[in-house]
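Here is the file model-v7.txt (compact mmCIF, N, CA and C atoms).
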# COMPACT_ATOMS: atom_id res chain seq x y z
N MET Q 1 16.02 12.39 65.44
CA MET Q 1 17.04 12.53 64.43
C MET Q 1 17.14 11.30 63.52
N VAL Q 2 16.99 10.16 64.08
CA VAL Q 2 17.09 8.92 63.32
C VAL Q 2 15.99 8.88 62.25
N VAL Q 3 14.82 9.37 62.60
CA VAL Q 3 13.70 9.38 61.67
C VAL Q 3 14.01 10.29 60.49
N LEU Q 4 14.59 11.45 60.74
CA LEU Q 4 14.94 12.38 59.67
C LEU Q 4 16.01 11.79 58.76
N GLU Q 5 17.00 11.12 59.34
CA GLU Q 5 18.04 10.50 58.54
C GLU Q 5 17.45 9.40 57.64
N ALA Q 6 16.51 8.64 58.17
CA ALA Q 6 15.88 7.58 57.39
C ALA Q 6 15.08 8.17 56.22
N LYS Q 7 14.36 9.27 56.49
CA LYS Q 7 13.59 9.92 55.44
C LYS Q 7 14.50 10.52 54.39
N GLU Q 8 15.66 11.08 54.84
CA GLU Q 8 16.62 11.65 53.90
C GLU Q 8 17.19 10.56 52.99
N CYS Q 9 17.51 9.42 53.56
CA CYS Q 9 18.05 8.29 52.78
C CYS Q 9 17.00 7.78 51.78
N ALA Q 10 15.75 7.71 52.21
CA ALA Q 10 14.69 7.25 51.32
C ALA Q 10 14.50 8.22 50.16
N ALA Q 11 14.55 9.52 50.45
CA ALA Q 11 14.40 10.53 49.40
C ALA Q 11 15.58 10.47 48.43
N ALA Q 12 16.79 10.28 48.96
CA ALA Q 12 17.98 10.18 48.11
C ALA Q 12 17.89 8.95 47.21
N ALA Q 13 17.40 7.84 47.76
CA ALA Q 13 17.24 6.63 46.96
C ALA Q 13 16.19 6.84 45.86
N GLN Q 14 15.12 7.58 46.20
CA GLN Q 14 14.09 7.87 45.21
C GLN Q 14 14.66 8.72 44.09
N VAL Q 15 15.49 9.73 44.45
CA VAL Q 15 16.11 10.59 43.45
C VAL Q 15 17.02 9.76 42.54
N ALA Q 16 17.80 8.85 43.11
CA ALA Q 16 18.69 8.02 42.32
C ALA Q 16 17.88 7.14 41.35
N GLY Q 17 16.78 6.57 41.80
CA GLY Q 17 15.93 5.75 40.95
C GLY Q 17 15.32 6.56 39.82
N LEU Q 18 14.87 7.76 40.13
CA LEU Q 18 14.29 8.63 39.11
C LEU Q 18 15.33 9.03 38.07
N ARG Q 19 16.57 9.26 38.50
CA ARG Q 19 17.64 9.61 37.55
C ARG Q 19 17.93 8.44 36.61
N GLU Q 20 17.88 7.22 37.13
CA GLU Q 20 18.07 6.05 36.27
C GLU Q 20 16.95 5.95 35.24
N GLN Q 21 15.72 6.19 35.69
CA GLN Q 21 14.58 6.16 34.77
C GLN Q 21 14.71 7.26 33.72
N LEU Q 22 15.20 8.44 34.16
CA LEU Q 22 15.38 9.55 33.23
C LEU Q 22 16.41 9.21 32.16
N GLU Q 23 17.51 8.56 32.55
CA GLU Q 23 18.52 8.16 31.58
C GLU Q 23 17.94 7.15 30.58
N LEU Q 24 17.17 6.20 31.08
CA LEU Q 24 16.55 5.20 30.22
C LEU Q 24 15.58 5.87 29.25
N LEU Q 25 14.73 6.75 29.76
CA LEU Q 25 13.76 7.44 28.90
C LEU Q 25 14.46 8.34 27.89
N THR Q 26 15.53 8.98 28.30
CA THR Q 26 16.27 9.85 27.38
C THR Q 26 16.82 9.03 26.21
N GLY Q 27 17.34 7.86 26.49
CA GLY Q 27 17.83 6.98 25.43
C GLY Q 27 16.71 6.55 24.50
N GLN Q 28 15.55 6.25 25.06
CA GLN Q 28 14.41 5.86 24.24
C GLN Q 28 13.93 7.01 23.37
N VAL Q 29 13.95 8.23 23.91
CA VAL Q 29 13.54 9.41 23.14
C VAL Q 29 14.50 9.63 21.98
N VAL Q 30 15.79 9.52 22.23
CA VAL Q 30 16.79 9.70 21.18
C VAL Q 30 16.58 8.67 20.07
N ALA Q 31 16.34 7.41 20.43
CA ALA Q 31 16.12 6.37 19.43
C ALA Q 31 14.84 6.64 18.63
N ALA Q 32 13.78 7.07 19.31
CA ALA Q 32 12.52 7.36 18.63
C ALA Q 32 12.68 8.56 17.69
N GLU Q 33 13.42 9.58 18.11
CA GLU Q 33 13.65 10.74 17.25
C GLU Q 33 14.44 10.35 16.01
N ALA Q 34 15.41 9.45 16.15
CA ALA Q 34 16.18 8.98 15.00
C ALA Q 34 15.27 8.22 14.03
N LEU Q 35 14.35 7.42 14.55
CA LEU Q 35 13.41 6.69 13.70
C LEU Q 35 12.49 7.65 12.96
N VAL Q 36 12.01 8.69 13.65
CA VAL Q 36 11.16 9.69 13.00
C VAL Q 36 11.94 10.37 11.87
N ALA Q 37 13.20 10.69 12.11
CA ALA Q 37 14.01 11.34 11.08
C ALA Q 37 14.20 10.42 9.87
N ARG Q 38 14.40 9.12 10.11
CA ARG Q 38 14.54 8.17 9.00
C ARG Q 38 13.27 8.10 8.17
N TYR Q 39 12.12 8.02 8.85
CA TYR Q 39 10.84 7.96 8.12
C TYR Q 39 10.60 9.25 7.35
N ARG Q 40 10.91 10.37 7.94
CA ARG Q 40 10.72 11.67 7.27
C ARG Q 40 11.59 11.73 6.02
N GLU Q 41 12.85 11.31 6.14
CA GLU Q 41 13.76 11.33 4.99
C GLU Q 41 13.28 10.37 3.90
N ALA Q 42 12.79 9.19 4.29
CA ALA Q 42 12.28 8.24 3.31
C ALA Q 42 11.06 8.81 2.60
N ARG Q 43 10.15 9.41 3.35
CA ARG Q 43 8.94 10.00 2.76
C ARG Q 43 9.32 11.10 1.79
N GLU Q 44 10.25 11.98 2.18
CA GLU Q 44 10.67 13.08 1.31
C GLU Q 44 11.33 12.55 0.04
N THR Q 45 12.13 11.48 0.18
CA THR Q 45 12.79 10.89 -0.99
C THR Q 45 11.75 10.30 -1.94
N VAL Q 46 10.77 9.59 -1.40
CA VAL Q 46 9.73 9.01 -2.25
C VAL Q 46 8.95 10.12 -2.96
N CYS Q 47 8.63 11.18 -2.25
CA CYS Q 47 7.91 12.30 -2.87
C CYS Q 47 8.72 12.93 -3.99
N GLU Q 48 10.02 13.08 -3.79
CA GLU Q 48 10.89 13.64 -4.83
C GLU Q 48 10.92 12.73 -6.05
N VAL Q 49 11.06 11.43 -5.82
CA VAL Q 49 11.12 10.48 -6.93
C VAL Q 49 9.81 10.49 -7.71
N LEU Q 50 8.69 10.49 -6.99
CA LEU Q 50 7.39 10.50 -7.66
C LEU Q 50 7.17 11.80 -8.43
N ALA Q 51 7.66 12.90 -7.89
CA ALA Q 51 7.50 14.18 -8.58
C ALA Q 51 8.32 14.23 -9.86
N GLU Q 52 9.44 13.51 -9.88
CA GLU Q 52 10.32 13.51 -11.05
C GLU Q 52 9.93 12.45 -12.08
N ALA Q 53 9.04 11.51 -11.71
CA ALA Q 53 8.68 10.42 -12.62
C ALA Q 53 7.91 10.97 -13.81
N PRO Q 54 8.29 10.56 -15.01
CA PRO Q 54 7.57 11.03 -16.20
C PRO Q 54 6.18 10.41 -16.26
N SER Q 55 5.26 11.12 -16.84
CA SER Q 55 3.91 10.59 -16.98
C SER Q 55 3.85 9.62 -18.15
N ALA Q 56 2.78 8.85 -18.22
CA ALA Q 56 2.63 7.88 -19.32
C ALA Q 56 2.56 8.58 -20.66
N SER Q 57 2.05 9.82 -20.68
CA SER Q 57 1.95 10.54 -21.95
C SER Q 57 3.31 10.99 -22.48
N ALA Q 58 4.36 10.87 -21.68
CA ALA Q 58 5.69 11.24 -22.13
C ALA Q 58 6.22 10.24 -23.16
N TRP Q 59 5.65 9.03 -23.20
CA TRP Q 59 6.07 8.01 -24.14
C TRP Q 59 4.90 7.57 -25.00
N PRO Q 60 4.39 8.42 -25.87
CA PRO Q 60 3.19 8.06 -26.62
C PRO Q 60 3.40 6.93 -27.62
N ASN Q 61 4.62 6.69 -28.07
CA ASN Q 61 4.85 5.68 -29.10
C ASN Q 61 5.24 4.33 -28.52
N HIS Q 62 5.24 4.19 -27.21
CA HIS Q 62 5.62 2.94 -26.59
C HIS Q 62 4.39 2.17 -26.17
N ALA Q 63 4.47 0.85 -26.29
CA ALA Q 63 3.36 0.00 -25.87
C ALA Q 63 3.26 0.03 -24.35
N ILE Q 64 2.05 0.07 -23.86
CA ILE Q 64 1.82 0.05 -22.41
C ILE Q 64 1.22 -1.30 -22.08
N THR Q 65 1.79 -1.97 -21.11
CA THR Q 65 1.24 -3.26 -20.69
C THR Q 65 0.43 -3.06 -19.43
N ALA Q 66 -0.48 -3.96 -19.18
CA ALA Q 66 -1.34 -3.87 -18.01
C ALA Q 66 -0.51 -4.03 -16.74
N PRO Q 67 -0.73 -3.16 -15.73
CA PRO Q 67 -0.02 -3.31 -14.47
C PRO Q 67 -0.40 -4.62 -13.80
N LEU Q 68 0.60 -5.34 -13.31
CA LEU Q 68 0.36 -6.63 -12.68
C LEU Q 68 0.89 -6.62 -11.26
N LEU Q 69 0.26 -7.39 -10.40
CA LEU Q 69 0.73 -7.61 -9.04
C LEU Q 69 1.21 -9.05 -8.96
N GLU Q 70 2.23 -9.28 -8.12
CA GLU Q 70 2.69 -10.65 -7.94
C GLU Q 70 1.99 -11.23 -6.73
N ALA Q 71 1.28 -12.32 -6.93
CA ALA Q 71 0.58 -12.98 -5.84
C ALA Q 71 1.59 -13.70 -4.96
N SER Q 72 1.15 -14.11 -3.78
CA SER Q 72 2.06 -14.79 -2.84
C SER Q 72 2.59 -16.09 -3.42
N THR Q 73 1.93 -16.64 -4.41
CA THR Q 73 2.37 -17.89 -5.03
C THR Q 73 3.39 -17.64 -6.12
N GLY Q 74 3.65 -16.39 -6.46
CA GLY Q 74 4.60 -16.08 -7.52
C GLY Q 74 3.91 -15.82 -8.84
N ALA Q 75 2.61 -16.12 -8.92
CA ALA Q 75 1.86 -15.86 -10.16
C ALA Q 75 1.52 -14.38 -10.22
N THR Q 76 1.37 -13.86 -11.42
CA THR Q 76 1.01 -12.46 -11.57
C THR Q 76 -0.46 -12.34 -11.89
N VAL Q 77 -1.08 -11.32 -11.31
CA VAL Q 77 -2.49 -11.04 -11.54
C VAL Q 77 -2.64 -9.55 -11.78
N PRO Q 78 -3.63 -9.13 -12.57
CA PRO Q 78 -3.79 -7.70 -12.83
C PRO Q 78 -4.29 -6.94 -11.60
N ASP Q 79 -3.76 -5.75 -11.38
CA ASP Q 79 -4.26 -4.90 -10.32
C ASP Q 79 -5.41 -4.06 -10.88
N TYR Q 80 -5.90 -3.09 -10.11
CA TYR Q 80 -7.04 -2.30 -10.55
C TYR Q 80 -6.77 -1.59 -11.88
N GLU Q 81 -5.59 -0.98 -11.99
CA GLU Q 81 -5.24 -0.28 -13.22
C GLU Q 81 -5.15 -1.26 -14.39
N GLY Q 82 -4.65 -2.46 -14.10
CA GLY Q 82 -4.55 -3.48 -15.15
C GLY Q 82 -5.91 -3.90 -15.65
N ILE Q 83 -6.86 -4.05 -14.74
CA ILE Q 83 -8.23 -4.42 -15.14
C ILE Q 83 -8.82 -3.31 -16.00
N LEU Q 84 -8.66 -2.07 -15.57
CA LEU Q 84 -9.19 -0.94 -16.34
C LEU Q 84 -8.54 -0.89 -17.72
N PHE Q 85 -7.24 -1.12 -17.78
CA PHE Q 85 -6.52 -1.10 -19.05
C PHE Q 85 -7.06 -2.16 -20.01
N VAL Q 86 -7.23 -3.38 -19.51
CA VAL Q 86 -7.71 -4.47 -20.35
C VAL Q 86 -9.13 -4.18 -20.84
N LEU Q 87 -9.98 -3.69 -19.95
CA LEU Q 87 -11.35 -3.38 -20.36
C LEU Q 87 -11.37 -2.26 -21.39
N GLU Q 88 -10.47 -1.29 -21.24
CA GLU Q 88 -10.39 -0.19 -22.20
C GLU Q 88 -9.94 -0.70 -23.57
N GLN Q 89 -8.95 -1.58 -23.58
CA GLN Q 89 -8.43 -2.12 -24.84
C GLN Q 89 -9.45 -3.03 -25.51
N ALA Q 90 -10.25 -3.73 -24.71
CA ALA Q 90 -11.22 -4.67 -25.28
C ALA Q 90 -12.35 -3.94 -26.00
N GLY Q 91 -12.73 -2.80 -25.48
CA GLY Q 91 -13.80 -2.05 -26.13
C GLY Q 91 -15.19 -2.63 -25.90
N GLY Q 92 -15.28 -3.68 -25.14
CA GLY Q 92 -16.57 -4.30 -24.85
C GLY Q 92 -16.46 -5.11 -23.57
N PRO Q 93 -17.54 -5.73 -23.16
CA PRO Q 93 -17.52 -6.48 -21.90
C PRO Q 93 -16.64 -7.72 -21.97
N LEU Q 94 -16.02 -8.02 -20.83
CA LEU Q 94 -15.19 -9.22 -20.69
C LEU Q 94 -15.53 -9.91 -19.38
N THR Q 95 -15.34 -11.21 -19.35
CA THR Q 95 -15.45 -11.94 -18.08
C THR Q 95 -14.10 -11.82 -17.36
N CYS Q 96 -14.09 -12.19 -16.12
CA CYS Q 96 -12.84 -12.12 -15.35
C CYS Q 96 -11.79 -13.07 -15.91
N ARG Q 97 -12.23 -14.23 -16.38
CA ARG Q 97 -11.31 -15.18 -17.00
C ARG Q 97 -10.68 -14.57 -18.25
N GLN Q 98 -11.48 -13.86 -19.04
CA GLN Q 98 -10.96 -13.21 -20.24
C GLN Q 98 -9.97 -12.10 -19.90
N VAL Q 99 -10.20 -11.40 -18.79
CA VAL Q 99 -9.25 -10.37 -18.35
C VAL Q 99 -7.91 -11.02 -18.04
N LEU Q 100 -7.95 -12.13 -17.32
CA LEU Q 100 -6.71 -12.85 -16.99
C LEU Q 100 -6.01 -13.35 -18.26
N GLU Q 101 -6.78 -13.91 -19.18
CA GLU Q 101 -6.20 -14.40 -20.43
C GLU Q 101 -5.58 -13.27 -21.24
N ALA Q 102 -6.20 -12.10 -21.19
CA ALA Q 102 -5.71 -10.96 -21.97
C ALA Q 102 -4.33 -10.51 -21.53
N VAL Q 103 -4.02 -10.68 -20.25
CA VAL Q 103 -2.71 -10.26 -19.76
C VAL Q 103 -1.76 -11.44 -19.59
N GLY Q 104 -2.21 -12.63 -20.02
CA GLY Q 104 -1.34 -13.79 -19.97
C GLY Q 104 -1.17 -14.37 -18.59
N CYS Q 105 -2.16 -14.23 -17.74
CA CYS Q 105 -2.09 -14.76 -16.38
C CYS Q 105 -2.78 -16.11 -16.29
N ALA Q 106 -2.48 -16.82 -15.22
CA ALA Q 106 -3.14 -18.10 -14.96
C ALA Q 106 -4.62 -17.87 -14.74
N THR Q 107 -5.43 -18.81 -15.17
CA THR Q 107 -6.89 -18.65 -15.04
C THR Q 107 -7.45 -19.61 -13.99
N GLU Q 108 -6.67 -19.87 -12.97
CA GLU Q 108 -7.16 -20.71 -11.87
C GLU Q 108 -8.31 -20.00 -11.19
N PRO Q 109 -9.24 -20.76 -10.60
CA PRO Q 109 -10.41 -20.16 -9.96
C PRO Q 109 -10.07 -19.10 -8.91
N ARG Q 110 -9.00 -19.30 -8.15
CA ARG Q 110 -8.65 -18.31 -7.12
C ARG Q 110 -8.25 -16.97 -7.75
N PHE Q 111 -7.60 -17.01 -8.91
CA PHE Q 111 -7.22 -15.76 -9.57
C PHE Q 111 -8.44 -15.11 -10.22
N VAL Q 112 -9.31 -15.94 -10.79
CA VAL Q 112 -10.55 -15.42 -11.37
C VAL Q 112 -11.35 -14.72 -10.28
N GLU Q 113 -11.44 -15.34 -9.11
CA GLU Q 113 -12.20 -14.75 -8.00
C GLU Q 113 -11.55 -13.44 -7.53
N GLY Q 114 -10.23 -13.38 -7.53
CA GLY Q 114 -9.55 -12.14 -7.16
C GLY Q 114 -9.86 -11.01 -8.12
N VAL Q 115 -9.85 -11.31 -9.41
CA VAL Q 115 -10.18 -10.29 -10.41
C VAL Q 115 -11.64 -9.89 -10.28
N ARG Q 116 -12.53 -10.88 -10.01
CA ARG Q 116 -13.94 -10.58 -9.84
C ARG Q 116 -14.16 -9.63 -8.66
N ALA Q 117 -13.47 -9.88 -7.55
CA ALA Q 117 -13.62 -9.01 -6.38
C ALA Q 117 -13.15 -7.59 -6.70
N LYS Q 118 -12.03 -7.48 -7.42
CA LYS Q 118 -11.54 -6.15 -7.80
C LYS Q 118 -12.49 -5.47 -8.77
N ALA Q 119 -13.02 -6.22 -9.71
CA ALA Q 119 -13.96 -5.64 -10.67
C ALA Q 119 -15.22 -5.17 -9.97
N LYS Q 120 -15.69 -5.93 -8.99
CA LYS Q 120 -16.88 -5.52 -8.22
C LYS Q 120 -16.60 -4.21 -7.48
N ARG Q 121 -15.39 -4.08 -6.93
CA ARG Q 121 -15.04 -2.82 -6.24
C ARG Q 121 -15.00 -1.66 -7.22
N LEU Q 122 -14.51 -1.93 -8.43
CA LEU Q 122 -14.50 -0.89 -9.45
C LEU Q 122 -15.91 -0.51 -9.87
N VAL Q 123 -16.83 -1.46 -9.84
CA VAL Q 123 -18.24 -1.16 -10.13
C VAL Q 123 -18.78 -0.22 -9.05
N GLU Q 124 -18.46 -0.53 -7.79
CA GLU Q 124 -18.92 0.32 -6.68
C GLU Q 124 -18.37 1.73 -6.79
N ARG Q 125 -17.15 1.85 -7.26
CA ARG Q 125 -16.49 3.17 -7.34
C ARG Q 125 -16.85 3.94 -8.60
N GLY Q 126 -17.42 3.26 -9.58
CA GLY Q 126 -17.94 3.99 -10.73
C GLY Q 126 -17.31 3.79 -12.09
N PRO Q 127 -16.02 3.47 -12.22
CA PRO Q 127 -15.46 3.44 -13.58
C PRO Q 127 -15.84 2.21 -14.39
N VAL Q 128 -16.38 1.18 -13.74
CA VAL Q 128 -16.71 -0.07 -14.42
C VAL Q 128 -18.18 -0.38 -14.16
N GLN Q 129 -18.81 -1.02 -15.13
CA GLN Q 129 -20.19 -1.47 -14.92
C GLN Q 129 -20.25 -2.97 -15.19
N GLU Q 130 -21.12 -3.64 -14.47
CA GLU Q 130 -21.34 -5.07 -14.69
C GLU Q 130 -22.52 -5.18 -15.64
N VAL Q 131 -22.23 -5.49 -16.90
CA VAL Q 131 -23.26 -5.49 -17.93
C VAL Q 131 -24.11 -6.76 -17.90
N ALA Q 132 -23.54 -7.83 -17.44
CA ALA Q 132 -24.26 -9.08 -17.22
C ALA Q 132 -23.54 -9.75 -16.06
N ARG Q 133 -24.16 -10.76 -15.51
CA ARG Q 133 -23.53 -11.40 -14.36
C ARG Q 133 -22.14 -11.92 -14.72
N GLY Q 134 -21.12 -11.38 -14.05
CA GLY Q 134 -19.74 -11.80 -14.28
C GLY Q 134 -19.09 -11.21 -15.51
N SER Q 135 -19.75 -10.27 -16.16
CA SER Q 135 -19.22 -9.64 -17.37
C SER Q 135 -19.10 -8.14 -17.12
N PHE Q 136 -17.90 -7.59 -17.30
CA PHE Q 136 -17.62 -6.21 -16.93
C PHE Q 136 -17.15 -5.41 -18.13
N ALA Q 137 -17.49 -4.12 -18.13
CA ALA Q 137 -17.05 -3.20 -19.18
C ALA Q 137 -16.85 -1.84 -18.54
N LEU Q 138 -16.10 -0.99 -19.23
CA LEU Q 138 -15.94 0.38 -18.73
C LEU Q 138 -17.29 1.06 -18.72
N GLY Q 139 -17.54 1.80 -17.64
CA GLY Q 139 -18.82 2.51 -17.51
C GLY Q 139 -18.65 3.97 -17.88
N GLY Q 140 -19.64 4.77 -17.56
CA GLY Q 140 -19.61 6.19 -17.90
C GLY Q 140 -18.70 7.00 -17.03
N GLY Q 141 -18.22 6.44 -15.89
CA GLY Q 141 -17.40 7.23 -14.96
C GLY Q 141 -15.97 7.37 -15.36
N ARG Q 142 -15.53 6.70 -16.42
CA ARG Q 142 -14.10 6.77 -16.80
C ARG Q 142 -13.97 7.37 -18.15
Target encoding structure tokens, full file:
Amino acid sequence: MVVLEAKECAAAAQVAGLREQLELLTGQVVAAEALVARYREARETVCEVLAEAPSASAWPNHAITAPLLEASTGATVPDYEGILFVLEQAGGPLTCRQVLEAVGCATEPRFVEGVRAKAKRLVERGPVQEVARGSFALGGGR
């Protein structure tokens, strides 16, 4: 009889431990579900905003400036669209330094190298061609 009572107590203790784990897991599931709902709502809101955003052709008489990214130093540098815009406006090949000058950005070597890396990626993707070493122009893909 003593052995059965000991086994019963051990099983009861195991049940109590499992119930504590279940409560903990239930709380974690509720928190995770709330996070999923927040992300879903944020994604839906962003999609709605983007769907309502007017296209660039909605303002044909307004000047369009090259899109810029803010570097970690606070300086602005052109992003991919900005590089394409500047090359399109130039009508001919430009160096990376000239791209930076065209949008009024600093022409420090690190920024020139950043534009060069982006221009090289655009060459790989097709819309830009490297007409001479370090000189880029819009290619046939755009």
* Within 9 Å of (-14.1, -2.4, -21.3), only C-alpha atoms: residues as a VMD selection string? -> chain Q and resid 83 to 94 128 to 129 136 to 139
* Asked: Around (-24.3, -6.3, -9.4) in the file's own coordinates, what residues are found within 9 Å if you use only C-alpha atoms, given back as JSON, numbers by chain?
  -> {"Q": [120, 123, 124, 129, 130, 131, 132, 133, 134]}
* Mind checking which residues fall within 6 Å of range 96-105 of chain Q, counting all atoms listed in the file, ignoring those fewer than 3 positions away in the same chain, and posting them as a VMD selection string? => chain Q and resid 76 112 115 to 116 134 to 135
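Across the structure, CA of Leu24 in chain Q and CA of Arg43 in chain Q are spaced 28.9 Å apart.
Coordinates place CA of Val29 in chain Q at a distance of 21.4 Å from atom N of Glu44 in chain Q.
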If I wrap all listed atoms of range 128-134 of chain Q in a box with edges along x, y and z and add 5 Å on each side, what are its centre and edge lengths in Å to one decimal, as AutoDock Vina command-line options?
--center_x -20.3 --center_y -5.4 --center_z -15.8 --size_x 17.9 --size_y 23.1 --size_z 14.2
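The gap separating CA of Glu41 in chain Q from atom N of Asp79 in chain Q is 29.4 Å, in Å to one decimal.
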